[in-house]
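Take a look at the structure set out below.
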Amino acid sequence: MSGLNAFQILNGITFAALLFIVASGFTLIFGLLRIVNLAHGALYLFGGYIGYTVASTSGNFALGTLAAMVVVALLGIVLDQGLLRFVRGYELRQVLLTLGVAFILNDLALVIWGGDTFTVPTPEFLRGAVQFAGLFYPKYRLFVLVLGILVFILLWLLVNKTRLGALIRAGVDDAETVQAMGINIRRVFLATFMLGAALAGLGGAVGGAFLTLYPSADAEILVFSLAVVIIGGRGSLVGAAVGALMVGLLNTVGQVMFPELAYFVIFGPMALILAFRPLGLFGRTA
Amino acid sequence: MSDRSLAAAEPATAPRGSGMRLAIIAAGALFFAVLPHLLPTYQISVATEVLIFAVLAMSIDILAGYTGRTPLGHGAIFGVSTYVVVYWTTVMGGSPWAGMLLGVVAATIVGAIFALLAIRTSGVYFLLLTLALGMIVWGVCLRWTSVTGGENGLRGSVRPEWLSDHLTFYYVVLVAVAVITLVMWRFVNSPFGLTLRGIRDSESRMRSLGYNVPMHLFIAFTASGFFAGIAGAIYAMFNDFVSPSTVALAQSVEGLLMAITGGIGTLFGAFIGAAAIIGLENLVSLYTERWQTVLGLMFVVIMIFAPEGIVGRARMLFRRGR
């Protein structure tokens, strides 16, 4: 058993940044629409594969990432308008429906891209390592950390400083009243759903470059996102950030110190938190 | 009918319907008794599988249908039992019967631990928490290679010699499943089971009537884990092999889909659900490898068009016709 070093802690933090990108989309949809989108992991995987295909054919990482976000946001529209509209208001039916969609999308990805492992190609200037404080660290992982922080700031500004954000916050508290005030809450819902899905796509393209993409990656990232949102609380951005940091670091601790029980190290604390705060650290009653 | 539960509106126990119900149950039992003689030999094991998974689906139904809490981690409880049985008989070299006993005990303990953590939640949170708890079990089974064999799983020789014949094994399983089904039926129709339905319909009212709601939920969950463990132990004998896919999310999902297809809150619907899903799985695999897509499509279609399941839908039509 070896102790933790700075390198491993940085790995945990950069992994947390990716988790935040993915889980923030999940928690936005969960918080406003009351939909637990179990297809979120599949959207991540799709985003990753599309990012891989576009980035490796065009040779442009940014283009790949953009394509991933756009395509997955469109998938989100199809899911919301094409399927979820039929089960609105039934929480459990919504969850189980998205679970079915997750199975279909996962299988579809297997048909299109096969069972091989892919890595999204990164641009030249993000390859290699930088040296600081006596430590060689991969540039790309630092880029993910910066991106995660950037996404947090942008989402925070969006939710707290814009009209759309005000509508989203009002919708979380009381969707009916917002509608009664003459706002088309369905459009706000749809925009949120697209945004949440696009974040999954972004996570897939960015994560696919250092975690690699393979057929069961969707289930893994979904379970991590679930843990983040359960710990942080539904619909809370700060909660998602704190949850992502906890899960990312616990995952590193687990892998380094108790490799055989790594899952236990993440989900044990999660189960405990939930036992004492059923709505998560930053969750509020609806 | 509360929005949170998927249960079909329950008929107030109509004395007129009970004769009808007995007739249907008798017909079902008779059907399963003569079934092996109608099937080609290789499909007898498919019928055996239906019986085993019907028990898993019923154990899920105890929670989903009678307490209004839909679990998504029962595949893990089921699989823990399977792991214990296979490990005990092959690695430890013990007898299969003691192994099955240990498997059921282990599953009951896992069920009790899940219950302790999950009973404070309801609705979507309950589903998510049981899902995450099930994933822990899966992760441990996958990574704890020295005990579980990791991804390769454990191959066993659980089934005793005298049960190696498909037909004999089918009938032994049938008798066991019949007994377990009777016990579960007694359980959900006991005063305790009625209290559970009361909790499903209005938790606050049951609490103010003086019922200890958390204790009832804990016992219901633990009992449900016990029954899932029995199904897992029989599955160990049926399959003689266990791997992480036995405890994976897909297993919990399939079990829940069987319970839903049959009709949540109908208990016996589980047999129809299990037969429909396993039959379809075998049929689909003849033509295509896209079973997962079919499973996903079934979930989507059932959730949109018939969330009350086959038996629930039949009941509704029957009542409307009267």
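Residue numbering restarts at 1 for every chain of the structure tokens, chains are lettered A, B, ... in their displayed order, and ligands are numbered from 1 as they appear.
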Q: Counting only C-alpha atoms, collect the residues of chain B whose closest atom lies at most 7 Å from chain A, and write them out as a ChimeraX atom specification.
A: /B:3-4,117,121,124,132,136,139-140,143-144,292-293,296-297,299-300,303-304
Q.
List the spatial neighbours of Leu167 in chain B as a PyMOL selection string - criterion: any atom at most 7 Å away, only C-alpha atoms, same-chain residues fewer than 3 positions off excluded.
A. chain B and resi 44+170-171
(Q) List the spatial neighbours of range 228-231 of chain B as a list of chain:residue names - criterion: any atom at most 6 Å away, only C-alpha atoms, same-chain residues fewer than 3 positions off excluded. (A) B:Ile52, B:Val55, B:Leu56, B:Ser59, B:Phe78, B:Ser81, B:Val104, B:Ala107, B:Gly225, B:Ile234
Suppose we keep C-alpha atoms; can you now write the selection as a short mmCIF file (atom, residue, chain, number, x, y, z; two decimals), in the first residue's frame?
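Output (selection-v1.cif):
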data_model
loop_
_atom_site.label_atom_id
_atom_site.label_comp_id
_atom_site.auth_asym_id
_atom_site.auth_seq_id
_atom_site.Cartn_x
_atom_site.Cartn_y
_atom_site.Cartn_z
CA ILE B 52 -36.44 -18.76 -11.49
CA VAL B 55 -39.31 -15.44 -8.29
CA LEU B 56 -36.87 -12.54 -8.76
CA SER B 59 -39.43 -10.23 -4.97
CA PHE B 78 -29.87 -12.04 -6.47
CA SER B 81 -26.55 -15.37 -3.49
CA VAL B 104 -29.86 -16.99 0.90
CA ALA B 107 -28.57 -12.12 0.18
CA GLY B 225 -33.99 -9.59 -0.43
CA ILE B 234 -31.61 -21.72 -7.53
#
Q: Could you give me the residues within range 31-254 of chain B that DSSP places in helix (DSSP H, G or I), as a PyMOL selection string?
A: chain B and resi 31-38+41-66+74-90+96-118+123-143+145-148+150-152+161-163+166-189+191-201+203-208+213-239+244-247+249-254
For Ser224 in chain B, please output as an mmCIF file with N, CA and C atoms, in the first residue's frame all residues within 7 Å (counting only C-alpha atoms; exclusion window: fewer than 5 positions along the same chain).
data_model
loop_
_atom_site.group_PDB
_atom_site.id
_atom_site.type_symbol
_atom_site.label_atom_id
_atom_site.label_comp_id
_atom_site.auth_asym_id
_atom_site.auth_seq_id
_atom_site.Cartn_x
_atom_site.Cartn_y
_atom_site.Cartn_z
ATOM 1 N N SER B 59 -40.096 -10.879 -6.103
ATOM 2 C CA SER B 59 -39.426 -10.229 -4.966
ATOM 3 C C SER B 59 -39.340 -8.723 -5.206
ATOM 4 N N ILE B 60 -39.160 -8.322 -6.476
ATOM 5 C CA ILE B 60 -39.151 -6.896 -6.805
ATOM 6 C C ILE B 60 -40.545 -6.313 -6.635
ATOM 7 N N ILE B 62 -42.799 -7.173 -4.555
ATOM 8 C CA ILE B 62 -43.145 -6.950 -3.144
ATOM 9 C C ILE B 62 -42.853 -5.495 -2.776
ATOM 10 N N LEU B 63 -41.705 -4.990 -3.255
ATOM 11 C CA LEU B 63 -41.370 -3.595 -2.957
ATOM 12 C C LEU B 63 -42.108 -2.626 -3.872
#
Q: Fewer than 4 positions away in the same chain doesn't count, so skip those; otherwise give me all residues within 8 Å of Phe282 in chain A, counting only C-alpha atoms, as a list in words.
A: Gly232, Gly233, Arg234, Ser236, Val238 and Gly239 of chain A
Q: Do a neighbour search on Ala23 in chain A at 9 Å with only C-alpha atoms, toss out local chain neighbours closer than 2 positions, and write the hits as a ChimeraX atom specification.
A: /A:18-21,25-28,40,196,199-200,222,224-226,228-229,240-241,244
Next, write the just-selected residues to a file, as a short mmCIF file (atom, residue, chain, number, x, y, z; two decimals), in the first residue's frame, keeping N, CA and C atoms as the atom set.
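Generated output (selection.cif):
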data_model
loop_
_atom_site.label_atom_id
_atom_site.label_comp_id
_atom_site.auth_asym_id
_atom_site.auth_seq_id
_atom_site.Cartn_x
_atom_site.Cartn_y
_atom_site.Cartn_z
N LEU A 18 -13.80 16.84 -15.01
CA LEU A 18 -14.59 16.19 -16.04
C LEU A 18 -15.95 15.78 -15.47
N LEU A 19 -15.92 15.17 -14.28
CA LEU A 19 -17.17 14.74 -13.65
C LEU A 19 -18.12 15.92 -13.49
N PHE A 20 -17.55 17.09 -13.13
CA PHE A 20 -18.41 18.25 -12.95
C PHE A 20 -19.10 18.61 -14.27
N ILE A 21 -18.32 18.61 -15.37
CA ILE A 21 -18.90 18.96 -16.68
C ILE A 21 -20.08 18.06 -16.99
N GLY A 25 -24.70 18.94 -16.22
CA GLY A 25 -25.80 18.76 -17.16
C GLY A 25 -26.90 17.90 -16.56
N PHE A 26 -26.47 16.84 -15.90
CA PHE A 26 -27.41 15.92 -15.26
C PHE A 26 -28.23 16.63 -14.19
N THR A 27 -27.54 17.42 -13.37
CA THR A 27 -28.22 18.04 -12.24
C THR A 27 -29.14 19.18 -12.69
N LEU A 28 -28.78 19.87 -13.77
CA LEU A 28 -29.66 20.91 -14.31
C LEU A 28 -31.00 20.31 -14.74
N HIS A 40 -28.17 9.86 -19.71
CA HIS A 40 -27.11 10.86 -19.71
C HIS A 40 -25.75 10.23 -20.04
N GLY A 196 -28.27 20.72 -20.93
CA GLY A 196 -27.79 19.57 -20.16
C GLY A 196 -27.21 18.50 -21.05
N LEU A 199 -23.85 19.49 -22.46
CA LEU A 199 -22.78 19.31 -21.49
C LEU A 199 -22.32 17.86 -21.45
N ALA A 200 -23.27 16.92 -21.60
CA ALA A 200 -22.88 15.51 -21.67
C ALA A 200 -22.02 15.27 -22.90
N LEU A 222 -22.12 7.33 -15.92
CA LEU A 222 -23.46 7.58 -15.38
C LEU A 222 -23.47 7.34 -13.87
N PHE A 224 -20.92 7.46 -11.82
CA PHE A 224 -20.17 8.55 -11.17
C PHE A 224 -21.03 9.81 -11.09
N SER A 225 -21.73 10.13 -12.19
CA SER A 225 -22.57 11.33 -12.18
C SER A 225 -23.68 11.20 -11.14
N LEU A 226 -24.26 10.02 -11.07
CA LEU A 226 -25.31 9.78 -10.07
C LEU A 226 -24.77 10.05 -8.68
N VAL A 228 -22.27 11.92 -7.84
CA VAL A 228 -22.05 13.37 -7.68
C VAL A 228 -23.35 14.08 -7.34
N VAL A 229 -24.41 13.77 -8.09
CA VAL A 229 -25.67 14.48 -7.89
C VAL A 229 -26.34 14.06 -6.59
N ALA A 240 -22.99 20.14 -7.22
CA ALA A 240 -22.35 19.30 -8.22
C ALA A 240 -20.83 19.47 -8.16
N ALA A 241 -20.36 20.71 -7.94
CA ALA A 241 -18.92 20.94 -7.88
C ALA A 241 -18.31 20.24 -6.66
N ALA A 244 -18.49 16.51 -7.20
CA ALA A 244 -17.51 16.04 -8.18
C ALA A 244 -16.12 15.96 -7.55
#
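Nearest to Gly171 in chain A of all the residues A:Gly283, A:Gly59, A:Gly235, A:Gly41 is A:Gly235, counting only C-alpha atoms.
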